[in-house]
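Colleague: Got a structure here, written out as structure tokens. Questions coming.
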Amino acid sequence: MAAPARGEQVVLPTTLGGEPTGLGRFGEYGGRFVPETLVPALEELEAEFRTAWVSDEFRAELGDLLTNYAGRPTPVTECRRLSERLGVRVLLKREDLTHTGSHKINNVLGQALLTRRMGKQRVIAETGAGQHGVATATAAALFGLDCQVFMGAVDIERQALNVFRMQLLGAEVIPVSSGSATLKDAINDALRDWVASVESTHYCIGSVVGPHPYPWIVREFQRIVGDEAREQCRTRTGGDPDFVVACVGGGSNAIGTFTGFLETAARLVGVEAGGHGLESGQHGASVSRGVPGVLHGARSLFMQDEDGQILSAHSISAGLDYPGVGPEHAQLAAEGRAEYVYATDDEALAGFQLLAETEGIVPALEPAHAIGWLAREAGRSVPAGSTVLVTLSGRGDKDANQVAEMLGETLG
Ligand SMILES: *Cc1c(COP(=O)(O)O)cnc(C)c1O
């Protein structure tokens, strides 16, 4: 299948990609660990998705939205000056160019369509930095759905602009003050709300995490990133890249990218948040340093203390600040099909500046980790002359203020 050109109708896959086994298992990870009351809703969601994904009508509708609302397909950009600087050939998959500025739109449009098909009028979502909240509120506005977004009180303080954006889009932001009043507590409250409202409400999860079927359906909605990129790379370079690199928070942009390249010989590299360094304990490297456990409805790798208590993650970028990872990544790591590495806060900051200066592209701080890792490893574990595809999951406008403060500069 050739990649569609910009403005040409996006073609969705006609098949379901590698399905989890049993009850949403990826090897020994995944599953569905939820209160009894949620089981019917998860079964309904899975059944709806199975029918929808192979229905011509659903595919035409989602394809139209992705093309004419979200702006797909996104291009692959050849980075000439960065390549020269690093001694490797760098290609970027440009999710920063989508409507709302990140890959999250691919997932929320799919889930909003499913919500409508299930006859539900209300969506809820959790959000940390506010990016998934804004994306969900966007889709809810587009579809005329009621939308409530659970957000930690601490995050509400830190992310005032995104709170305002959600309200502007007609969503209600519900403060969560339990626990550490951040993302994992917001997920707990969203799940609690859902138990009580499941008849009328769809829970729109923002990454490849949570109970089955979420890790699977979110991956299928994000697969378009990797499917497009593979064809675009073939057109541009005549082959597959040697390395395919993406940042990993919960893991949705990475798994969407990797899925397109699973059958190729490309080395798949997920870059986690190294924070102040893995020895400091202040990081978000759940694959590198996590241990198996169950949280938010699934078995996966989580950062835990000796008693199994979940630890707080730390990252310069709010989108990577989650103490766990999607179960399919845990399995890809166990099988050795993908490698998980990290970039520290400082390396991400350097990557942020490097891409801006060499290519005129300001990345979000999340994918700046992938750039920062590549800048460190080019000519070392990434041999000189390699071709490297990096998914640029989002644009950096949202982070410009924070970076200015950290660099000690003032704006304007
Ligand atoms: C939310 C976000 C991420 C992290 O989420 P994944 O599910 O790991 O992709 C990465 N990049 C950007 C730009 C984001 O907004």
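Ordered as shown in the structure tokens, chains take letters A, B, and onward, while each chain numbers its residues from 1 and ligands are numbered from 1 in the order shown.
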Can you tell me, as a PyMOL selection string, what residues are no more than 8 Å from Asp227 (chain A) when counting only C-alpha atoms, ignoring any on the same chain fewer than 6 positions away?
Modeller: chain A and resi 257+259-261
Colleague: Using only C-alpha atoms and all ligand atoms, which residues have at least one atom no more than 6 Å from ligand 1? Output them as a PDB file with N, CA, C and O atoms, in the first residue's frame.
Modeller:
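Final output, result.pdb:
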ATOM      1  N   SER A 102      -0.312  17.107  18.333  1.00  0.00           N
ATOM      2  CA  SER A 102       0.347  15.853  18.723  1.00  0.00           C
ATOM      3  C   SER A 102      -0.444  14.662  18.203  1.00  0.00           C
ATOM      4  O   SER A 102      -1.567  14.805  17.723  1.00  0.00           O
ATOM      5  N   GLN A 131      -2.660  17.607  28.080  1.00  0.00           N
ATOM      6  CA  GLN A 131      -2.652  17.380  26.636  1.00  0.00           C
ATOM      7  C   GLN A 131      -3.759  16.416  26.200  1.00  0.00           C
ATOM      8  O   GLN A 131      -4.467  16.675  25.227  1.00  0.00           O
ATOM      9  N   SER A 207      -3.675   6.625  26.512  1.00  0.00           N
ATOM     10  CA  SER A 207      -2.480   5.945  26.026  1.00  0.00           C
ATOM     11  C   SER A 207      -2.758   4.439  25.982  1.00  0.00           C
ATOM     12  O   SER A 207      -3.882   4.004  26.249  1.00  0.00           O
ATOM     13  N   VAL A 248       8.711   7.292  25.081  1.00  0.00           N
ATOM     14  CA  VAL A 248       7.727   6.426  25.733  1.00  0.00           C
ATOM     15  C   VAL A 248       7.266   7.040  27.054  1.00  0.00           C
ATOM     16  O   VAL A 248       8.060   7.199  27.982  1.00  0.00           O
ATOM     17  N   GLY A 249       5.979   7.418  27.103  1.00  0.00           N
ATOM     18  CA  GLY A 249       5.347   7.770  28.376  1.00  0.00           C
ATOM     19  C   GLY A 249       4.541   6.548  28.758  1.00  0.00           C
ATOM     20  O   GLY A 249       5.047   5.566  29.285  1.00  0.00           O
ATOM     21  N   GLY A 250       3.225   6.570  28.432  1.00  0.00           N
ATOM     22  CA  GLY A 250       2.431   5.345  28.496  1.00  0.00           C
ATOM     23  C   GLY A 250       2.782   4.440  27.327  1.00  0.00           C
ATOM     24  O   GLY A 250       2.670   3.228  27.385  1.00  0.00           O
ATOM     25  N   GLY A 251       3.195   5.075  26.224  1.00  0.00           N
ATOM     26  CA  GLY A 251       3.728   4.325  25.090  1.00  0.00           C
ATOM     27  C   GLY A 251       2.904   4.338  23.818  1.00  0.00           C
ATOM     28  O   GLY A 251       3.157   3.526  22.931  1.00  0.00           O
ATOM     29  N   SER A 252       1.948   5.275  23.662  1.00  0.00           N
ATOM     30  CA  SER A 252       1.068   5.170  22.490  1.00  0.00           C
ATOM     31  C   SER A 252       1.726   5.629  21.192  1.00  0.00           C
ATOM     32  O   SER A 252       1.541   5.002  20.149  1.00  0.00           O
ATOM     33  N   ASN A 253       2.510   6.723  21.224  1.00  0.00           N
ATOM     34  CA  ASN A 253       3.130   7.122  19.942  1.00  0.00           C
ATOM     35  C   ASN A 253       4.202   6.113  19.556  1.00  0.00           C
ATOM     36  O   ASN A 253       4.383   5.804  18.374  1.00  0.00           O
ATOM     37  N   ALA A 254       4.876   5.554  20.563  1.00  0.00           N
ATOM     38  CA  ALA A 254       5.919   4.568  20.257  1.00  0.00           C
ATOM     39  C   ALA A 254       5.308   3.285  19.692  1.00  0.00           C
ATOM     40  O   ALA A 254       5.759   2.773  18.661  1.00  0.00           O
ATOM     41  N   GLY A 319       4.339  14.859  29.899  1.00  0.00           N
ATOM     42  CA  GLY A 319       3.777  13.730  29.158  1.00  0.00           C
ATOM     43  C   GLY A 319       4.510  12.412  29.397  1.00  0.00           C
ATOM     44  O   GLY A 319       4.001  11.350  29.061  1.00  0.00           O
ATOM     45  N   LEU A 320       5.709  12.464  29.965  1.00  0.00           N
ATOM     46  CA  LEU A 320       6.446  11.217  30.237  1.00  0.00           C
ATOM     47  C   LEU A 320       6.456  10.904  31.733  1.00  0.00           C
ATOM     48  O   LEU A 320       7.099   9.957  32.184  1.00  0.00           O
ATOM     49  N   ALA A 364       8.130  19.139  21.046  1.00  0.00           N
ATOM     50  CA  ALA A 364       7.659  19.034  22.427  1.00  0.00           C
ATOM     51  C   ALA A 364       8.791  18.421  23.243  1.00  0.00           C
ATOM     52  O   ALA A 364       9.671  17.734  22.711  1.00  0.00           O
ATOM     53  N   GLU A 366       8.672  15.955  25.163  1.00  0.00           N
ATOM     54  CA  GLU A 366       8.627  14.482  25.151  1.00  0.00           C
ATOM     55  C   GLU A 366       9.509  13.932  24.029  1.00  0.00           C
ATOM     56  O   GLU A 366      10.473  13.220  24.305  1.00  0.00           O
ATOM     57  N   PRO A 367       9.218  14.234  22.744  1.00  0.00           N
ATOM     58  CA  PRO A 367      10.102  13.701  21.687  1.00  0.00           C
ATOM     59  C   PRO A 367      11.497  14.315  21.705  1.00  0.00           C
ATOM     60  O   PRO A 367      12.416  13.753  21.087  1.00  0.00           O
ATOM     61  N   SER A 393       6.492  13.318  18.198  1.00  0.00           N
ATOM     62  CA  SER A 393       5.102  13.113  18.642  1.00  0.00           C
ATOM     63  C   SER A 393       4.314  14.394  18.812  1.00  0.00           C
ATOM     64  O   SER A 393       3.087  14.377  18.768  1.00  0.00           O
ATOM     65  N   GLY A 394       5.013  15.531  19.020  1.00  0.00           N
ATOM     66  CA  GLY A 394       4.246  16.770  19.188  1.00  0.00           C
ATOM     67  C   GLY A 394       5.136  17.993  19.094  1.00  0.00           C
ATOM     68  O   GLY A 394       6.366  17.898  19.123  1.00  0.00           O
TER      69      GLY A 394
END
Colleague: Among region 20-108 of chain A, which residues does DSSP mark as strand (DSSP E or B) when it is run on the backbone? Keep the chain and numbering as in the structure and answer as a ChimeraX atom specification.
Modeller: /A:21,25-26,29-30,76-79,89-94,102
Colleague: When you draw a straight line from CA of Ser312 (chain A) to CA of Ala153 (chain A), how long is it in Å?
Modeller: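 These atoms are spaced 15.5 Å apart.
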Colleague: Could you list, with a cut-off of 7 Å and counting only C-alpha atoms, the residues of region 227-332 of chain A near region 17-29 of chain A, each shown with its nearest atom pair and the distance in Å rounded to one decimal, rows sorted by chain and ascending number, as CSV?
Modeller:
residue,atom,partner,partner_atom,distance
A:Arg299,CA,A:Tyr29,CA,5.0
A:Ser300,CA,A:Tyr29,CA,5.3
A:Pro327,CA,A:Tyr29,CA,5.2
A:Glu328,CA,A:Phe26,CA,5.6
A:Ala330,CA,A:Tyr29,CA,6.8
A:Gln331,CA,A:Gly27,CA,5.9
Colleague: Between A:Lys398, A:Val244, A:Val294, A:Gly144, which has the minimum distance to Ala160 (chain A) (counting only C-alpha atoms)?
Modeller: A:Lys398
Colleague: Could you pull the residues within 7 Å of Val154 (chain A), counting only C-alpha atoms, minus those fewer than 4 positions along the same chain, as number ranges by chain?
Modeller: A: 158, 181-182
Colleague: Output all heavy atoms of each residue in that selection to a file, as a short mmCIF file (atom, residue, chain, number, x, y, z; two decimals), in the first residue's frame.
Modeller:
data_model
loop_
_atom_site.label_atom_id
_atom_site.label_comp_id
_atom_site.auth_asym_id
_atom_site.auth_seq_id
_atom_site.Cartn_x
_atom_site.Cartn_y
_atom_site.Cartn_z
N ARG A 158 -0.27 23.85 37.89
CA ARG A 158 0.88 23.95 36.99
C ARG A 158 0.49 24.21 35.54
O ARG A 158 1.30 24.67 34.76
CB ARG A 158 1.70 22.64 37.04
CG ARG A 158 2.39 22.40 38.37
CD ARG A 158 3.40 21.27 38.27
NE ARG A 158 2.79 19.95 38.14
CZ ARG A 158 3.37 18.82 38.53
NH1 ARG A 158 4.58 18.85 39.05
NH2 ARG A 158 2.77 17.65 38.39
N ALA A 181 -2.26 13.95 44.12
CA ALA A 181 -3.00 14.95 43.33
C ALA A 181 -2.39 15.17 41.95
O ALA A 181 -2.31 16.29 41.45
CB ALA A 181 -3.11 16.27 44.10
N THR A 182 -1.93 14.05 41.35
CA THR A 182 -1.39 14.12 39.99
C THR A 182 -2.04 13.04 39.13
O THR A 182 -3.11 12.51 39.48
CB THR A 182 0.15 13.98 39.96
OG1 THR A 182 0.50 12.73 40.58
CG2 THR A 182 0.83 15.12 40.72
#
Colleague: Pick the closest to Val149 (chain A) from A:Ala343, A:Gly239, A:Asn107, A:Trp194: which is it, counting only C-alpha atoms?
Modeller: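 Ranked by minimum distance to Val149 (chain A), first place goes to A:Trp194.
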Colleague: Quick one: of A:Ala350, A:Ala139, A:Leu38, A:Ala70, who's nearest to Leu114 (chain A), counting only C-alpha atoms?
Modeller: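 Distance minimum relative to Leu114 (chain A) lands on A:Ala139.
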Colleague: Per residue of region 212-316 of chain A within 10 Å of region 50-68 of chain A, which atom pair is closest and at what distance in Å (one decimal), using only C-alpha atoms, listed by chain and increasing number, as a Markdown table?
Modeller:
| residue | atom | partner | partner_atom | distance |
| --- | --- | --- | --- | --- |
| A:Ile217 | CA | A:Arg50 | CA | 9.2 |
| A:Glu220 | CA | A:Trp53 | CA | 9.0 |
| A:Phe221 | CA | A:Trp53 | CA | 9.5 |
| A:Ile224 | CA | A:Leu66 | CA | 9.9 |
Colleague: Give me a file of those residues, with N, CA, C and O atoms, as an mmCIF file, in the first residue's frame.
Modeller:
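Here's the written file selection-v5.cif:
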data_model
loop_
_atom_site.group_PDB
_atom_site.id
_atom_site.type_symbol
_atom_site.label_atom_id
_atom_site.label_comp_id
_atom_site.auth_asym_id
_atom_site.auth_seq_id
_atom_site.Cartn_x
_atom_site.Cartn_y
_atom_site.Cartn_z
ATOM 1 N N ILE A 217 -6.928 -1.273 21.459
ATOM 2 C CA ILE A 217 -7.630 -0.362 20.539
ATOM 3 C C ILE A 217 -6.860 0.951 20.368
ATOM 4 O O ILE A 217 -6.805 1.493 19.277
ATOM 5 N N GLU A 220 -4.239 0.280 17.868
ATOM 6 C CA GLU A 220 -4.774 0.224 16.497
ATOM 7 C C GLU A 220 -5.052 1.634 15.963
ATOM 8 O O GLU A 220 -4.807 1.918 14.800
ATOM 9 N N PHE A 221 -5.566 2.539 16.827
ATOM 10 C CA PHE A 221 -5.822 3.919 16.371
ATOM 11 C C PHE A 221 -4.513 4.669 16.108
ATOM 12 O O PHE A 221 -4.486 5.603 15.304
ATOM 13 N N ILE A 224 -1.619 4.093 12.499
ATOM 14 C CA ILE A 224 -1.520 4.889 11.276
ATOM 15 C C ILE A 224 -0.174 5.619 11.197
ATOM 16 O O ILE A 224 0.367 5.840 10.118
#
Colleague: Ala273 (chain A): which residues within 8 Å, counting only C-alpha atoms, same-chain residues fewer than 3 positions away excluded, as a list in words?
Modeller: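 Once the nearby chain positions are removed, what remains is Val248, Gly249, His283, Gly284, Ala285, His314, Ser315, Leu320, Asp321, Tyr342, Ala343, Thr344, Asp345 and His369 of chain A.
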Colleague: Pick out the residues sitting within 12 Å of Gly293 (chain A), and hand them over as a ChimeraX atom specification; count only C-alpha atoms, and ignore anything fewer than 2 positions along from it in its own chain.
Modeller: /A:28-31,33,286,290-291,295-310,323-327,330
